[in-house]
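Pasting start-v2.cif here (mmCIF, C-alpha atoms):
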```
data_data
#
loop_
_atom_site.group_PDB
_atom_site.id
_atom_site.type_symbol
_atom_site.label_atom_id
_atom_site.label_comp_id
_atom_site.auth_asym_id
_atom_site.auth_seq_id
_atom_site.Cartn_x
_atom_site.Cartn_y
_atom_site.Cartn_z
ATOM 1 C CA VAL A 1 41.247 1.579 -19.966
ATOM 2 C CA ILE A 2 44.634 3.307 -19.631
ATOM 3 C CA LEU A 3 44.703 7.020 -18.853
ATOM 4 C CA ASN A 4 47.861 9.033 -19.169
ATOM 5 C CA GLY A 5 48.249 12.579 -17.972
ATOM 6 C CA THR A 6 49.024 14.917 -15.146
ATOM 7 C CA LEU A 7 47.491 14.487 -11.703
ATOM 8 C CA ALA A 8 45.011 17.275 -12.405
ATOM 9 C CA GLN A 9 43.934 15.596 -15.637
ATOM 10 C CA LEU A 10 43.474 12.238 -13.905
ATOM 11 C CA ASN A 11 41.437 13.847 -11.107
ATOM 12 C CA GLN A 12 39.193 15.427 -13.718
ATOM 13 C CA ALA A 13 38.714 12.083 -15.477
ATOM 14 C CA LEU A 14 37.859 10.293 -12.237
ATOM 15 C CA SER A 15 35.389 13.002 -11.149
ATOM 16 C CA VAL A 16 32.925 12.112 -13.904
ATOM 17 C CA ILE A 17 32.800 8.383 -13.200
ATOM 18 C CA ASP A 18 29.143 7.423 -12.620
ATOM 19 C CA PHE A 19 28.440 4.182 -10.761
ATOM 20 C CA THR A 20 24.902 3.960 -12.116
ATOM 21 C CA SER A 21 25.720 4.373 -15.777
ATOM 22 C CA ASP A 22 28.506 1.814 -15.405
ATOM 23 C CA GLY A 23 25.887 -0.775 -14.499
ATOM 24 C CA THR A 24 28.268 -2.882 -12.421
ATOM 25 C CA ASN A 25 29.108 -3.287 -8.745
ATOM 26 C CA ASN A 26 31.816 -1.252 -7.008
ATOM 27 C CA SER A 27 34.607 -0.579 -9.468
ATOM 28 C CA VAL A 28 38.312 -0.583 -8.528
ATOM 29 C CA PHE A 29 40.878 1.466 -10.417
ATOM 30 C CA THR A 30 44.651 1.253 -9.942
ATOM 31 C CA LEU A 31 46.691 4.381 -10.576
ATOM 32 C CA THR A 32 50.396 4.005 -11.224
ATOM 33 C CA SER A 33 52.609 7.050 -10.949
ATOM 34 C CA SER A 34 56.214 7.298 -11.993
ATOM 35 C CA ASP A 35 58.748 9.937 -11.046
ATOM 36 C CA GLY A 36 61.581 8.281 -12.888
ATOM 37 C CA GLY A 37 62.905 6.641 -9.769
ATOM 38 C CA GLY A 38 60.201 4.072 -9.231
ATOM 39 C CA ASN A 39 56.497 3.320 -9.499
ATOM 40 C CA ASP A 40 53.816 3.880 -6.844
ATOM 41 C CA ALA A 41 50.393 2.182 -7.109
ATOM 42 C CA VAL A 42 47.252 3.660 -5.565
ATOM 43 C CA SER A 43 43.811 1.977 -5.638
ATOM 44 C CA VAL A 44 40.649 4.032 -6.065
ATOM 45 C CA ILE A 45 37.261 2.445 -5.298
ATOM 46 C CA ASN A 46 34.179 3.812 -7.054
ATOM 47 C CA LEU A 47 31.391 3.263 -4.491
ATOM 48 C CA ASN A 48 27.708 3.385 -5.290
ATOM 49 C CA ILE A 49 25.921 6.441 -3.876
ATOM 50 C CA ASN A 50 22.133 6.366 -3.918
ATOM 51 C CA ASP A 51 20.400 8.743 -6.312
ATOM 52 C CA ALA A 52 17.209 10.214 -4.899
ATOM 53 C CA PRO A 53 14.053 9.871 -7.029
ATOM 54 C CA ALA A 54 12.559 13.056 -8.469
ATOM 55 C CA PHE A 55 9.140 13.587 -10.047
ATOM 56 C CA ASN A 56 9.268 14.666 -13.676
ATOM 57 C CA PRO A 57 7.549 17.003 -14.299
ATOM 58 C CA ALA A 58 7.554 18.644 -10.867
ATOM 59 C CA THR A 59 3.721 18.805 -10.694
ATOM 60 C CA PHE A 60 0.859 17.069 -12.487
ATOM 61 C CA SER A 61 -2.660 17.966 -13.596
ATOM 62 C CA PHE A 62 -5.321 15.621 -14.956
ATOM 63 C CA ASN A 63 -8.959 15.747 -16.043
ATOM 64 C CA VAL A 64 -11.534 13.084 -15.241
ATOM 65 C CA ASP A 65 -15.096 12.835 -16.539
ATOM 66 C CA GLU A 66 -17.757 12.998 -13.874
ATOM 67 C CA ASN A 67 -19.263 9.656 -12.845
ATOM 68 C CA SER A 68 -16.153 7.707 -13.948
ATOM 69 C CA GLY A 69 -16.185 4.255 -12.364
ATOM 70 C CA VAL A 70 -14.026 2.728 -9.633
ATOM 71 C CA GLY A 71 -10.620 1.725 -11.021
ATOM 72 C CA PHE A 72 -10.677 4.283 -13.820
ATOM 73 C CA VAL A 73 -7.124 5.567 -14.446
ATOM 74 C CA VAL A 74 -7.136 9.340 -13.986
ATOM 75 C CA GLY A 75 -3.466 9.770 -14.929
ATOM 76 C CA THR A 76 0.089 8.542 -14.423
ATOM 77 C CA VAL A 77 2.800 10.228 -12.349
ATOM 78 C CA THR A 78 6.393 9.611 -13.445
ATOM 79 C CA VAL A 79 9.747 9.710 -11.655
ATOM 80 C CA ASP A 80 13.391 10.003 -12.696
ATOM 81 C CA ASP A 81 15.686 7.722 -10.668
ATOM 82 C CA MET A 82 19.173 6.879 -11.931
ATOM 83 C CA ASP A 83 19.453 3.788 -9.740
ATOM 84 C CA ASP A 84 18.655 0.275 -10.935
ATOM 85 C CA ASN A 85 14.972 -0.079 -10.024
ATOM 86 C CA ALA A 86 15.196 -3.852 -10.067
ATOM 87 C CA VAL A 87 17.128 -3.374 -6.818
ATOM 88 C CA ASP A 88 16.149 0.116 -5.667
ATOM 89 C CA GLN A 89 12.387 -0.316 -5.376
ATOM 90 C CA LEU A 90 10.167 2.765 -5.440
ATOM 91 C CA THR A 91 7.079 3.127 -3.247
ATOM 92 C CA PHE A 92 4.300 5.562 -4.176
ATOM 93 C CA GLU A 93 1.796 6.919 -1.639
ATOM 94 C CA ILE A 94 -0.920 9.543 -1.472
ATOM 95 C CA THR A 95 0.350 11.348 1.613
ATOM 96 C CA GLY A 96 -1.876 14.396 1.836
ATOM 97 C CA PRO A 97 -4.230 15.901 1.964
ATOM 98 C CA ASP A 98 -5.582 12.730 0.442
ATOM 99 C CA THR A 99 -5.214 9.860 2.921
ATOM 100 C CA ILE A 100 -8.159 7.699 3.827
ATOM 101 C CA ILE A 101 -8.427 7.875 7.651
ATOM 102 C CA VAL A 102 -6.343 9.793 10.193
ATOM 103 C CA ASP A 103 -7.025 8.845 13.819
ATOM 104 C CA GLY A 104 -10.406 7.564 12.775
ATOM 105 C CA ILE A 105 -11.399 10.857 11.125
ATOM 106 C CA PRO A 106 -11.823 11.075 7.336
ATOM 107 C CA ASP A 107 -9.755 13.892 5.818
ATOM 108 C CA ALA A 108 -9.786 15.799 2.538
ATOM 109 C CA ASN A 109 -9.517 12.667 0.388
ATOM 110 C CA ASP A 110 -12.851 11.485 1.732
ATOM 111 C CA VAL A 111 -14.996 14.513 0.904
ATOM 112 C CA ASP A 112 -18.281 12.691 1.509
ATOM 113 C CA ASN A 113 -17.095 11.224 4.844
ATOM 114 C CA ASP A 114 -18.025 7.661 3.930
ATOM 115 C CA GLY A 115 -14.699 6.140 5.013
ATOM 116 C CA ILE A 116 -13.640 5.413 1.423
ATOM 117 C CA ALA A 117 -10.638 7.200 -0.092
ATOM 118 C CA ASP A 118 -11.573 9.140 -3.207
ATOM 119 C CA PHE A 119 -8.421 8.061 -5.084
ATOM 120 C CA THR A 120 -5.726 5.394 -4.824
ATOM 121 C CA ILE A 121 -2.265 5.149 -6.379
ATOM 122 C CA VAL A 122 -0.971 1.903 -7.922
ATOM 123 C CA LYS A 123 2.456 0.942 -9.286
ATOM 124 C CA VAL A 124 1.606 -1.556 -12.001
ATOM 125 C CA ASN A 125 4.990 -3.369 -12.195
ATOM 126 C CA PRO A 126 7.657 -3.705 -9.436
ATOM 127 C CA GLY A 127 10.410 -2.003 -11.455
ATOM 128 C CA ASP A 128 8.269 0.864 -12.769
ATOM 129 C CA GLN A 129 9.299 4.479 -12.266
ATOM 130 C CA SER A 130 5.665 5.511 -12.516
ATOM 131 C CA ALA A 131 2.310 4.900 -10.845
ATOM 132 C CA GLU A 132 -1.340 5.286 -11.809
ATOM 133 C CA ILE A 133 -3.837 7.418 -9.901
ATOM 134 C CA ARG A 134 -7.188 5.644 -10.000
ATOM 135 C CA VAL A 135 -10.748 6.461 -8.961
ATOM 136 C CA ASN A 136 -11.614 4.704 -5.708
ATOM 137 C CA ASP A 137 -14.953 6.334 -4.827
ATOM 138 C CA SER A 138 -16.953 7.222 -7.928
ATOM 139 C CA SER A 139 -19.727 8.858 -5.897
ATOM 140 C CA VAL A 140 -17.616 11.999 -5.380
ATOM 141 C CA LEU A 141 -17.234 12.525 -9.125
ATOM 142 C CA ASP A 142 -20.700 14.009 -9.485
ATOM 143 C CA PHE A 143 -19.965 17.445 -10.943
ATOM 144 C CA GLU A 144 -23.189 18.950 -9.659
ATOM 145 C CA ALA A 145 -23.181 17.419 -6.174
ATOM 146 C CA ASN A 146 -19.482 17.154 -5.263
ATOM 147 C CA PRO A 147 -19.091 18.958 -1.906
ATOM 148 C CA ALA A 148 -15.423 19.691 -2.679
ATOM 149 C CA GLY A 149 -16.204 21.378 -5.974
ATOM 150 C CA PRO A 150 -14.956 20.302 -9.406
ATOM 151 C CA GLN A 151 -11.277 20.011 -8.398
ATOM 152 C CA PHE A 152 -9.202 17.795 -6.088
ATOM 153 C CA THR A 153 -5.649 18.479 -4.912
ATOM 154 C CA LEU A 154 -3.524 15.483 -3.947
ATOM 155 C CA GLU A 155 -0.032 15.224 -2.482
ATOM 156 C CA VAL A 156 1.906 12.204 -3.761
ATOM 157 C CA THR A 157 5.228 10.987 -2.330
ATOM 158 C CA VAL A 158 7.720 8.543 -3.851
ATOM 159 C CA THR A 159 10.315 6.836 -1.624
ATOM 160 C CA ASP A 160 13.222 4.601 -2.660
ATOM 161 C CA SER A 161 14.909 1.744 -0.805
ATOM 162 C CA ALA A 162 17.386 4.151 0.833
ATOM 163 C CA ASN A 163 14.471 6.198 2.230
ATOM 164 C CA GLU A 164 15.174 9.089 -0.146
ATOM 165 C CA SER A 165 11.928 10.718 -1.267
ATOM 166 C CA ASP A 166 10.279 13.419 -3.330
ATOM 167 C CA THR A 167 6.783 14.911 -3.191
ATOM 168 C CA THR A 168 4.576 16.341 -5.920
ATOM 169 C CA THR A 169 1.185 18.020 -6.190
ATOM 170 C CA VAL A 170 -1.516 16.511 -8.389
ATOM 171 C CA GLU A 171 -4.512 18.594 -9.480
ATOM 172 C CA ILE A 172 -7.548 16.625 -10.674
ATOM 173 C CA THR A 173 -10.381 18.497 -12.379
ATOM 174 C CA VAL A 174 -13.813 16.889 -12.765
ATOM 175 C CA ILE A 175 -15.327 17.522 -16.213
ATOM 176 C CA ASP A 176 -19.072 18.029 -16.494
ATOM 177 C CA LYS A 177 -20.806 15.637 -18.894
ATOM 178 C CA ALA A 178 -24.294 15.621 -20.370
ATOM 179 C CA GLU A 179 -26.507 13.240 -18.420
ATOM 180 C CA GLN A 180 -29.542 11.232 -19.407
ATOM 181 C CA ILE A 181 -32.939 12.647 -18.417
ATOM 182 C CA ILE A 182 -34.902 10.090 -16.409
ATOM 183 C CA ILE A 183 -38.663 10.520 -16.015
ATOM 184 C CA ASP A 184 -40.362 8.577 -13.251
ATOM 185 C CA PRO A 185 -42.862 6.234 -15.030
ATOM 186 C CA PRO A 186 -45.765 6.978 -12.663
ATOM 187 C CA LEU A 187 -45.659 10.605 -13.783
ATOM 188 C CA TRP A 188 -45.775 9.715 -17.466
ATOM 189 C CA PRO A 189 -48.869 11.172 -19.208
ATOM 190 C CA ALA A 190 -51.634 8.714 -19.918
ATOM 191 C CA SER A 191 -51.437 9.506 -23.629
ATOM 192 C CA GLY A 192 -47.749 8.681 -23.715
ATOM 193 C CA ASN A 193 -47.099 11.876 -25.692
ATOM 194 C CA ILE A 194 -45.000 14.618 -24.108
ATOM 195 C CA THR A 195 -43.273 17.864 -25.042
ATOM 196 C CA LEU A 196 -40.025 18.982 -23.418
ATOM 197 C CA ILE A 197 -39.337 22.726 -23.204
ATOM 198 C CA VAL A 198 -36.133 24.179 -21.796
ATOM 199 C CA ASP A 199 -36.821 26.997 -19.355
ATOM 200 C CA PRO A 200 -35.837 30.327 -20.998
ATOM 201 C CA VAL A 201 -34.299 31.592 -17.738
ATOM 202 C CA ASP A 202 -32.723 28.480 -16.220
ATOM 203 C CA ALA A 203 -31.266 26.124 -18.849
ATOM 204 C CA ASN A 204 -31.008 23.366 -16.216
ATOM 205 C CA LEU A 205 -34.793 23.352 -15.810
ATOM 206 C CA ILE A 206 -36.902 21.399 -18.301
ATOM 207 C CA HIS A 207 -40.694 21.667 -18.416
ATOM 208 C CA ILE A 208 -42.605 18.513 -19.349
ATOM 209 C CA TYR A 209 -46.051 18.883 -20.899
ATOM 210 C CA GLU A 210 -48.486 16.305 -22.179
ATOM 211 C CA THR A 211 -48.938 16.944 -25.874
ATOM 212 C CA GLY A 212 -52.044 19.029 -26.480
ATOM 213 C CA THR A 213 -51.968 20.739 -23.035
ATOM 214 C CA THR A 214 -50.479 24.027 -21.895
#
```
Please lay out the structure from this file as structure tokens.
Amino acid sequence: VILNGTLAQLNQALSVIDFTSDGTNNSVFTLTSSDGGGNDAVSVINLNINDAPAFNPATFSFNVDENSGVGFVVGTVTVDDMDDNAVDQLTFEITGPDTIIVDGIPDANDVDNDGIADFTIVKVNPGDQSAEIRVNDSSVLDFEANPAGPQFTLEVTVTDSANESDTTTVEITVIDKAEQIIIDPPLWPASGNITLIVDPVDANLIHIYETGTT
């Protein structure tokens, strides 16, 4: 490519050169100036400068049905990184408050204190600019019994090969689902016939009567 113009125009043209979009290694340009009395050559080297990764969007929120199993994908966090991710590998981590054990003490990611992290984060392919948040302890996804309530807050950090990083907040809301009513067989009426009546005051309470009794 040959550029002709004043020094100011050439400086402007060179200022928008992007190593990443060029897709090659360090590029070398030779500038030749002429004042009518001779030519002077100056070399300009376009060096690669690392681009830090950035979460896009800045924060994330997902819903997950209660009692979802281990490995269930809650959602995917995505990153913008202009560098070639075949070379500039990204690492995703749950850095707080959701880490599994700190100095032997379970923290907020282990709400039932069983030593198992509630969630994990997995980059599916090495060159991906995204990672999946998955259920790791399904026992905490009981809407009625979850000691942390129906919502989790995670802090997720992405780091590139140059140790540049970005952090995002992930809100996970547990959705209540209708659950099967299980009646202990020894309590089943001898006749095998029952009537179920929802309590008029407390809809979570169901009265079970043997048909023909009050």
Next on the checklist: Show me the residues around (8.1, 7.6, -9.9) - criterion: an atom at most 12 Å away, all atoms listed in the file counted - as JSON, numbers by chain.
Outcome noted: {"A": [52, 53, 54, 55, 56, 57, 58, 76, 77, 78, 79, 80, 81, 82, 83, 85, 88, 89, 90, 91, 92, 93, 121, 122, 123, 124, 125, 126, 127, 128, 129, 130, 131, 132, 133, 156, 157, 158, 159, 160, 165, 166, 167, 168]}
Checklist entry - Could you spell out the hits of the PyMOL selection byres ((chain A and resi 208) around 6) on the shown file, as a VMD selection string? => result chain A and resid 195 to 196 207 209
Next on the checklist: Please enumerate the residues selected by the PyMOL selection byres ((chain A and resi 174) around 8) when evaluated against the supplied file, formatted as a VMD selection string.
Outcome noted: chain A and resid 63 to 66 141 143 150 to 151 172 to 173 175 to 176
Checklist entry - So how many Å separate CA of Val170 (chain A) and CA of Val135 (chain A), to one decimal? => result 13.7 Å
Translate the PyMOL selection byres ((chain A and resi 154) around 7), as applied to the file shown, into an explicit residue set as a JSON list (two decimals) with C-alpha atoms, in the frame of the given file.
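Here's the written file selection.json:
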```json
[["chain", "number", "residue", "atom", "x", "y", "z"],
["A", 94, "ILE", "CA", -0.92, 9.54, -1.47],
["A", 96, "GLY", "CA", -1.88, 14.40, 1.84],
["A", 97, "PRO", "CA", -4.23, 15.90, 1.96],
["A", 98, "ASP", "CA", -5.58, 12.73, 0.44],
["A", 152, "PHE", "CA", -9.20, 17.80, -6.09],
["A", 153, "THR", "CA", -5.65, 18.48, -4.91],
["A", 155, "GLU", "CA", -0.03, 15.22, -2.48],
["A", 156, "VAL", "CA", 1.91, 12.20, -3.76],
["A", 169, "THR", "CA", 1.18, 18.02, -6.19],
["A", 170, "VAL", "CA", -1.52, 16.51, -8.39],
["A", 171, "GLU", "CA", -4.51, 18.59, -9.48]]
```
Checklist entry - What is the CA of Asn67 (chain A)-CA of Pro200 (chain A) distance in Å, reported with one decimal? => result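 Taking CA of Asn67 (chain A) and CA of Pro200 (chain A), their separation equals 27.7 Å.
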Next on the checklist: Using Å and a single decimal, report how far CA of Gly115 (chain A) sits from CA of Glu144 (chain A).
Outcome noted: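 Here the two named atoms are 21.2 Å from each other.
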